[in-house]
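Undergrad: Handing over work-v1.cif, mmCIF, C-alpha atoms.
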```cif
data_coords
#
loop_
_atom_site.group_PDB
_atom_site.id
_atom_site.type_symbol
_atom_site.label_atom_id
_atom_site.label_comp_id
_atom_site.auth_asym_id
_atom_site.auth_seq_id
_atom_site.Cartn_x
_atom_site.Cartn_y
_atom_site.Cartn_z
ATOM 1 C CA MET A 11 14.222 2.979 -7.100
ATOM 2 C CA LYS A 12 13.295 0.827 -4.109
ATOM 3 C CA GLN A 13 10.597 -1.718 -4.879
ATOM 4 C CA TYR A 14 7.869 -2.573 -2.394
ATOM 5 C CA PRO A 15 8.627 -5.855 -0.603
ATOM 6 C CA GLU A 16 6.536 -8.961 -1.126
ATOM 7 C CA ILE A 17 3.917 -9.412 1.592
ATOM 8 C CA GLN A 18 3.680 -12.881 3.074
ATOM 9 C CA ASN A 19 0.460 -14.806 2.448
ATOM 10 C CA SER A 20 -1.728 -15.732 5.402
ATOM 11 C CA THR A 21 -1.613 -19.416 4.530
ATOM 12 C CA GLY A 22 1.047 -22.046 3.933
ATOM 13 C CA LYS A 23 4.121 -23.263 5.783
ATOM 14 C CA ASP A 24 5.461 -19.747 6.412
ATOM 15 C CA PHE A 25 2.389 -18.644 8.375
ATOM 16 C CA ARG A 26 3.221 -17.011 11.699
ATOM 17 C CA GLU A 27 1.167 -15.517 14.484
ATOM 18 C CA PHE A 28 1.920 -11.975 15.665
ATOM 19 C CA ASP A 29 0.318 -8.925 17.236
ATOM 20 C CA ALA A 30 -0.710 -6.897 14.202
ATOM 21 C CA TYR A 31 -1.746 -3.402 13.312
ATOM 22 C CA VAL A 32 -4.446 -4.224 10.760
ATOM 23 C CA PHE A 33 -5.304 -2.056 7.747
ATOM 24 C CA ASP A 34 -7.923 -2.362 5.024
ATOM 25 C CA LYS A 35 -6.372 -3.623 1.764
ATOM 26 C CA ILE A 36 -7.619 -1.338 -0.997
ATOM 27 C CA ASP A 37 -8.053 -2.960 -4.403
ATOM 28 C CA GLY A 38 -5.898 -0.811 -6.674
ATOM 29 C CA SER A 39 -2.341 -0.443 -8.014
ATOM 30 C CA ASN A 40 0.765 0.009 -5.879
ATOM 31 C CA LEU A 41 2.637 3.178 -6.951
ATOM 32 C CA ARG A 42 5.968 4.644 -5.764
ATOM 33 C CA PHE A 43 7.048 8.284 -5.468
ATOM 34 C CA GLU A 44 10.660 9.198 -4.660
ATOM 35 C CA TRP A 45 11.972 12.451 -3.179
ATOM 36 C CA SER A 46 15.543 13.669 -2.672
ATOM 37 C CA ARG A 47 16.679 16.857 -1.030
ATOM 38 C CA LYS A 48 18.513 17.957 -4.174
ATOM 39 C CA ARG A 49 15.855 17.026 -6.760
ATOM 40 C CA GLY A 50 12.491 17.087 -4.970
ATOM 41 C CA TRP A 51 9.860 14.596 -6.162
ATOM 42 C CA TYR A 52 11.631 13.326 -9.241
ATOM 43 C CA LYS A 53 10.900 9.633 -9.794
ATOM 44 C CA PHE A 54 7.578 7.778 -10.120
ATOM 45 C CA GLY A 55 6.887 4.093 -10.574
ATOM 46 C CA THR A 56 4.462 1.220 -10.426
ATOM 47 C CA ARG A 57 5.586 -1.799 -8.457
ATOM 48 C CA HIS A 58 7.737 -2.972 -11.375
ATOM 49 C CA ARG A 59 8.424 -0.029 -13.742
ATOM 50 C CA LEU A 60 8.861 3.728 -13.896
ATOM 51 C CA PHE A 61 6.322 6.084 -15.483
ATOM 52 C CA ASP A 62 5.823 9.799 -16.184
ATOM 53 C CA GLN A 63 2.932 12.181 -16.935
ATOM 54 C CA THR A 64 2.464 10.680 -20.402
ATOM 55 C CA ASP A 65 1.556 7.224 -19.086
ATOM 56 C CA GLU A 66 -1.981 6.390 -20.241
ATOM 57 C CA THR A 67 -3.054 4.701 -16.984
ATOM 58 C CA PHE A 68 -0.877 6.171 -14.255
ATOM 59 C CA GLY A 69 0.231 9.567 -15.555
ATOM 60 C CA CYS A 70 -2.645 11.284 -13.748
ATOM 61 C CA ALA A 71 -1.372 9.891 -10.425
ATOM 62 C CA ILE A 72 1.520 12.372 -10.414
ATOM 63 C CA GLU A 73 -0.840 15.357 -10.301
ATOM 64 C CA LEU A 74 -3.017 13.546 -7.730
ATOM 65 C CA PHE A 75 0.055 13.010 -5.572
ATOM 66 C CA HIS A 76 1.051 16.668 -5.657
ATOM 67 C CA THR A 77 -2.542 17.763 -5.032
ATOM 68 C CA GLN A 78 -3.483 15.319 -2.292
ATOM 69 C CA LEU A 79 -0.341 14.154 -0.497
ATOM 70 C CA SER A 80 2.998 15.838 -1.202
ATOM 71 C CA GLU A 81 2.466 18.906 0.993
ATOM 72 C CA ASN A 82 1.451 16.919 4.074
ATOM 73 C CA ILE A 83 4.391 14.584 3.557
ATOM 74 C CA LYS A 84 6.735 17.592 3.277
ATOM 75 C CA ILE A 85 5.374 18.951 6.577
ATOM 76 C CA VAL A 86 6.262 15.656 8.250
ATOM 77 C CA MET A 87 9.750 15.652 6.744
ATOM 78 C CA ASP A 88 10.356 19.228 7.864
ATOM 79 C CA SER A 89 9.345 18.256 11.404
ATOM 80 C CA PHE A 90 12.510 16.129 11.616
ATOM 81 C CA GLY A 91 14.609 19.302 11.242
ATOM 82 C CA LYS A 92 16.230 21.078 8.322
ATOM 83 C CA ASN A 93 18.437 18.820 6.179
ATOM 84 C CA LYS A 94 17.842 15.824 8.467
ATOM 85 C CA ILE A 95 16.310 13.690 5.704
ATOM 86 C CA GLY A 96 18.014 13.099 2.362
ATOM 87 C CA ASN A 97 15.762 10.588 0.612
ATOM 88 C CA VAL A 98 12.149 9.410 0.924
ATOM 89 C CA ILE A 99 10.124 6.841 -1.007
ATOM 90 C CA VAL A 100 6.399 6.734 -0.377
ATOM 91 C CA PHE A 101 4.064 3.959 -1.467
ATOM 92 C CA CYS A 102 0.461 4.686 -2.415
ATOM 93 C CA GLU A 103 -2.601 2.803 -3.616
ATOM 94 C CA PHE A 104 -4.079 4.200 -6.846
ATOM 95 C CA PHE A 105 -7.727 3.311 -7.376
ATOM 96 C CA GLY A 106 -11.212 4.306 -8.486
ATOM 97 C CA LYS A 107 -14.703 3.098 -7.638
ATOM 98 C CA ASN A 108 -14.564 0.339 -10.267
ATOM 99 C CA SER A 109 -10.914 -0.669 -9.911
ATOM 100 C CA PHE A 110 -10.465 -4.423 -9.599
ATOM 101 C CA ALA A 111 -7.412 -6.699 -9.567
ATOM 102 C CA GLY A 112 -5.111 -4.009 -10.978
ATOM 103 C CA LYS A 113 -7.486 -2.914 -13.744
ATOM 104 C CA HIS A 114 -8.913 0.610 -13.764
ATOM 105 C CA ASP A 115 -11.933 2.191 -15.441
ATOM 106 C CA PRO A 116 -10.573 5.237 -17.316
ATOM 107 C CA THR A 117 -13.831 7.135 -16.654
ATOM 108 C CA ASP A 118 -13.580 6.741 -12.848
ATOM 109 C CA LYS A 119 -12.517 9.516 -10.527
ATOM 110 C CA LYS A 120 -9.177 8.335 -9.133
ATOM 111 C CA TYR A 121 -7.795 8.452 -5.600
ATOM 112 C CA LEU A 122 -4.355 8.009 -4.070
ATOM 113 C CA TYR A 123 -3.972 6.683 -0.508
ATOM 114 C CA LEU A 124 -0.627 6.598 1.281
ATOM 115 C CA PHE A 125 0.126 3.245 2.923
ATOM 116 C CA ASP A 126 3.896 3.026 3.569
ATOM 117 C CA VAL A 127 6.956 5.259 3.770
ATOM 118 C CA ALA A 128 10.703 4.527 3.651
ATOM 119 C CA ILE A 129 13.023 7.276 4.899
ATOM 120 C CA ASP A 130 16.735 7.406 3.998
ATOM 121 C CA LYS A 131 16.833 3.736 2.918
ATOM 122 C CA LYS A 132 16.343 2.504 6.484
ATOM 123 C CA GLY A 133 13.418 0.324 5.563
ATOM 124 C CA LEU A 134 9.722 1.014 5.962
ATOM 125 C CA LEU A 135 8.359 2.881 8.947
ATOM 126 C CA GLY A 136 6.598 0.696 11.479
ATOM 127 C CA PRO A 137 2.801 0.939 11.624
ATOM 128 C CA LYS A 138 2.770 2.752 14.974
ATOM 129 C CA MET A 139 5.065 5.518 13.710
ATOM 130 C CA PHE A 140 3.284 5.654 10.354
ATOM 131 C CA LEU A 141 -0.062 6.293 12.053
ATOM 132 C CA LYS A 142 1.470 8.949 14.278
ATOM 133 C CA LEU A 143 3.270 10.858 11.530
ATOM 134 C CA PHE A 144 0.774 10.658 8.674
ATOM 135 C CA SER A 145 -2.579 11.075 10.381
ATOM 136 C CA ASP A 146 -3.310 14.098 8.136
ATOM 137 C CA CYS A 147 -2.925 12.055 4.928
ATOM 138 C CA GLN A 148 -5.486 9.889 3.182
ATOM 139 C CA THR A 149 -4.545 6.318 4.123
ATOM 140 C CA PRO A 150 -6.241 2.912 4.115
ATOM 141 C CA LYS A 151 -8.507 2.592 7.141
ATOM 142 C CA PHE A 152 -6.791 1.387 10.316
ATOM 143 C CA LEU A 153 -8.915 -1.469 11.660
ATOM 144 C CA GLY A 154 -7.243 -1.802 15.050
ATOM 145 C CA LYS A 155 -4.713 -4.077 16.717
ATOM 146 C CA ARG A 156 -5.522 -7.762 16.411
ATOM 147 C CA LYS A 157 -3.921 -11.122 17.055
ATOM 148 C CA TRP A 158 -2.913 -12.323 13.589
ATOM 149 C CA ASN A 159 -3.821 -15.988 13.924
ATOM 150 C CA LYS A 160 -5.717 -18.595 11.918
ATOM 151 C CA GLN A 161 -9.065 -17.683 13.439
ATOM 152 C CA PHE A 162 -8.596 -14.070 12.391
ATOM 153 C CA ILE A 163 -7.690 -15.183 8.858
ATOM 154 C CA THR A 164 -10.859 -17.304 8.767
ATOM 155 C CA ASP A 165 -12.898 -14.286 9.846
ATOM 156 C CA VAL A 166 -11.331 -12.158 7.088
ATOM 157 C CA ARG A 167 -12.025 -14.873 4.534
ATOM 158 C CA GLY A 168 -15.656 -14.981 5.648
ATOM 159 C CA ASN A 169 -15.970 -11.179 5.402
ATOM 160 C CA LYS A 170 -16.638 -10.873 9.143
ATOM 161 C CA ILE A 171 -14.208 -8.001 9.835
ATOM 162 C CA SER A 172 -15.850 -4.576 9.974
ATOM 163 C CA GLY A 173 -14.279 -1.882 7.801
ATOM 164 C CA VAL A 174 -12.926 -4.111 5.014
ATOM 165 C CA THR A 175 -13.880 -2.603 1.669
ATOM 166 C CA PHE A 176 -13.657 -5.780 -0.439
ATOM 167 C CA GLU A 177 -10.242 -7.318 -1.074
ATOM 168 C CA GLY A 178 -9.032 -8.043 2.450
ATOM 169 C CA VAL A 179 -6.546 -6.780 5.024
ATOM 170 C CA VAL A 180 -2.838 -6.285 5.683
ATOM 171 C CA GLY A 181 -1.294 -6.849 9.113
ATOM 172 C CA LYS A 182 1.961 -5.168 10.177
ATOM 173 C CA SER A 183 4.286 -5.220 13.167
ATOM 174 C CA GLY A 184 7.823 -4.011 13.920
ATOM 175 C CA GLU A 185 9.701 -1.507 11.763
ATOM 176 C CA GLY A 186 12.511 -1.018 9.269
ATOM 177 C CA HIS A 187 14.250 -4.174 8.123
ATOM 178 C CA ASN A 188 12.521 -6.077 10.956
ATOM 179 C CA LEU A 189 9.033 -5.194 9.747
ATOM 180 C CA ILE A 190 6.580 -8.111 9.647
ATOM 181 C CA MET A 191 3.771 -7.933 7.088
ATOM 182 C CA SER A 192 1.100 -10.434 6.126
ATOM 183 C CA LYS A 193 -2.061 -10.275 4.019
ATOM 184 C CA ALA A 194 -5.426 -12.024 4.044
ATOM 185 C CA LYS A 195 -8.152 -11.803 1.410
ATOM 186 C CA THR A 196 -11.897 -12.275 1.435
ATOM 187 C CA GLN A 197 -13.491 -15.269 -0.248
ATOM 188 C CA VAL A 198 -15.879 -13.067 -2.243
ATOM 189 C CA TRP A 199 -12.905 -11.214 -3.770
ATOM 190 C CA ILE A 200 -11.099 -14.486 -4.519
ATOM 191 C CA ASP A 201 -14.224 -15.943 -6.132
ATOM 192 C CA LYS A 202 -14.642 -12.886 -8.346
ATOM 193 C CA VAL A 203 -11.036 -13.157 -9.557
ATOM 194 C CA LYS A 204 -11.509 -16.860 -10.336
ATOM 195 C CA SER A 205 -14.700 -16.131 -12.248
ATOM 196 C CA LEU A 206 -13.001 -13.605 -14.536
ATOM 197 C CA TYR A 207 -9.567 -15.107 -15.224
ATOM 198 C CA ALA A 208 -8.001 -18.374 -16.297
ATOM 199 C CA THR A 209 -6.681 -20.463 -13.400
ATOM 200 C CA ASN A 210 -2.985 -19.617 -13.846
ATOM 201 C CA ILE A 211 -3.679 -15.881 -14.112
ATOM 202 C CA ALA A 212 -6.188 -15.940 -11.241
ATOM 203 C CA ASP A 213 -3.687 -17.669 -8.959
ATOM 204 C CA LYS A 214 -1.078 -15.020 -9.745
ATOM 205 C CA ILE A 215 -3.525 -12.186 -9.000
ATOM 206 C CA ILE A 216 -4.747 -13.789 -5.772
ATOM 207 C CA ASN A 217 -1.179 -14.197 -4.514
ATOM 208 C CA SER A 218 -0.061 -10.698 -5.525
#
```
So, in terms of structure tokens, how does the structure I just supplied come out?
TA:
Amino acid sequence: MKQYPEIQNSTGKDFREFDAYVFDKIDGSNLRFEWSRKRGWYKFGTRHRLFDQTDETFGCAIELFHTQLSENIKIVMDSFGKNKIGNVIVFCEFFGKNSFAGKHDPTDKKYLYLFDVAIDKKGLLGPKMFLKLFSDCQTPKFLGKRKWNKQFITDVRGNKISGVTFEGVVGKSGEGHNLIMSKAKTQVWIDKVKSLYATNIADKIINS
């Protein structure tokens, strides 16, 4: 099952400027749902492992997916024409009101927001096409097109970008195997992680 690619950090020697479609980065867990024409929605995973309905933390996400997203995604697939698509993997953020750094309160009402789609193993859809095709799905808020440069990263870090819920933002450009993605996080989120975890664990969470 295709894993979600690593998103480049907004700092360090690999930093690059680009014209970005910017989305709010929801603080939750990255989940995968795979569909094939022969088997329907048949495989479910976190970023690193598979799960089913019996999973204590993520099992409920399967029902959420079928209730909140699968029908709208099917409508989009059908719009390509009968039998035109053989395989789809969609990537969603699983979260509740008190979710933080991959931990979830079991008493919270949970939500599932679609944030990326890969069709027929051609790589992820570009942000422009994603917004066009999946406007009827719950997705992270689109914050507009911005120049992804160091001043913008500073503004994100200082929590000066309207529409950011807490963690930060993701910027995207291009499509498929040429897709560019980068992330930037707010200082208040970083400080909270550092206050709750040992340095080595905090650094891993911050860079995830």
Undergrad: With only C-alpha atoms as the counted atoms, please give the residues lying no more than 10 Å from stretch 168-174 of chain A, apart from itself and same-chain residues fewer than 4 positions off, as an MDAnalysis selection string.
TA: chainID A and resid 33:36 150:153 162:164 178:179 195:199
Undergrad: Could you write out as a PyMOL selection string the residues that the PyMOL selection byres ((chain A and resi 104) around 12) matches in the shown file?
TA: chain A and resi 35-43+55-57+67-72+74-75+101-103+105-115+118-125+148-150
Undergrad: Residues within 12 Å of A:Asp146, please, as a PyMOL selection string. Count only C-alpha atoms; anything in the same chain fewer than 6 positions from it doesn't count.
TA: chain A and resi 78-86+123-124+140
Undergrad: Can you spell out as number ranges by chain the set of residues that the PyMOL selection byres ((chain A and resi 135) around 12) selects in the structure I just provided?
TA: A: 98-101, 125-134, 136-144, 182-191
Undergrad: Output the selection as an mmCIF file, in the frame of the given file - C-alpha atoms for each residue.
TA:
```cif
data_model
loop_
_atom_site.group_PDB
_atom_site.id
_atom_site.type_symbol
_atom_site.label_atom_id
_atom_site.label_comp_id
_atom_site.auth_asym_id
_atom_site.auth_seq_id
_atom_site.Cartn_x
_atom_site.Cartn_y
_atom_site.Cartn_z
ATOM 1 C CA VAL A 98 12.149 9.410 0.924
ATOM 2 C CA ILE A 99 10.124 6.841 -1.007
ATOM 3 C CA VAL A 100 6.399 6.734 -0.377
ATOM 4 C CA PHE A 101 4.064 3.959 -1.467
ATOM 5 C CA PHE A 125 0.126 3.245 2.923
ATOM 6 C CA ASP A 126 3.896 3.026 3.569
ATOM 7 C CA VAL A 127 6.956 5.259 3.770
ATOM 8 C CA ALA A 128 10.703 4.527 3.651
ATOM 9 C CA ILE A 129 13.023 7.276 4.899
ATOM 10 C CA ASP A 130 16.735 7.406 3.998
ATOM 11 C CA LYS A 131 16.833 3.736 2.918
ATOM 12 C CA LYS A 132 16.343 2.504 6.484
ATOM 13 C CA GLY A 133 13.418 0.324 5.563
ATOM 14 C CA LEU A 134 9.722 1.014 5.962
ATOM 15 C CA GLY A 136 6.598 0.696 11.479
ATOM 16 C CA PRO A 137 2.801 0.939 11.624
ATOM 17 C CA LYS A 138 2.770 2.752 14.974
ATOM 18 C CA MET A 139 5.065 5.518 13.710
ATOM 19 C CA PHE A 140 3.284 5.654 10.354
ATOM 20 C CA LEU A 141 -0.062 6.293 12.053
ATOM 21 C CA LYS A 142 1.470 8.949 14.278
ATOM 22 C CA LEU A 143 3.270 10.858 11.530
ATOM 23 C CA PHE A 144 0.774 10.658 8.674
ATOM 24 C CA LYS A 182 1.961 -5.168 10.177
ATOM 25 C CA SER A 183 4.286 -5.220 13.167
ATOM 26 C CA GLY A 184 7.823 -4.011 13.920
ATOM 27 C CA GLU A 185 9.701 -1.507 11.763
ATOM 28 C CA GLY A 186 12.511 -1.018 9.269
ATOM 29 C CA HIS A 187 14.250 -4.174 8.123
ATOM 30 C CA ASN A 188 12.521 -6.077 10.956
ATOM 31 C CA LEU A 189 9.033 -5.194 9.747
ATOM 32 C CA ILE A 190 6.580 -8.111 9.647
ATOM 33 C CA MET A 191 3.771 -7.933 7.088
#
```
Undergrad: What is the atom CA of A:Asp24 to atom CA of A:Thr175 distance in Å?
TA: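 For atom CA of A:Asp24 relative to atom CA of A:Thr175, the distance reads 26.3 Å.
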Undergrad: Please report the interatomic distance between atom CA of A:Gly181 and atom CA of A:Asp201 in Å with one decimal.
TA: 22.0 Å
Undergrad: Grab the atom CA of A:Ile95 to atom CA of A:Ser46 distance for me, in Å with one decimal place.
TA: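 Separation between atom CA of A:Ile95 and atom CA of A:Ser46: 8.4 Å.
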Undergrad: Could you give me, as a list in words, the residues within 8 Å of A:Arg156, counting only C-alpha atoms and dropping anything in the same chain fewer than 4 positions from it?
TA: Asp29, Ala30, Tyr31 and Val32 of chain A
Undergrad: Calculate, to one decimal in Å, the centre and edge lengths of the box along x, y and z of the file that holds all listed atoms of stretch 65-82 of chain A with 8 Å of margin on each side, and present them as lines of an AutoDock Vina configuration file.
TA:
```
center_x = -0.2
center_y = 11.8
center_z = -8.1
size_x = 22.5
size_y = 30.2
size_z = 40.3
```
Undergrad: Name the residues that the PyMOL selection byres ((chain A and resi 18) around 7) pulls out of this structure, and write them as an NGL selection string.
TA: :A and (16-17 or 19-20 or 191-193)
Undergrad: Find the residues near A:Ile215: any atom within 10 Å, counting only C-alpha atoms, skip ones fewer than 6 places away on the same chain, and give them as number ranges by chain.
TA: A: 111-112, 200, 203-204, 207, 209
Undergrad: Find, counting only C-alpha atoms, the residue in A:Cys147, A:Met87, A:Ala212, A:Ala194 that gets nearest to A:Phe25.
TA: A:Ala194
Undergrad: Measuring atom to atom with all atoms listed in the file, identify which of A:Met11, A:Phe28, A:Asn97, A:Val180 is nearest to A:Phe61.
TA: A:Met11
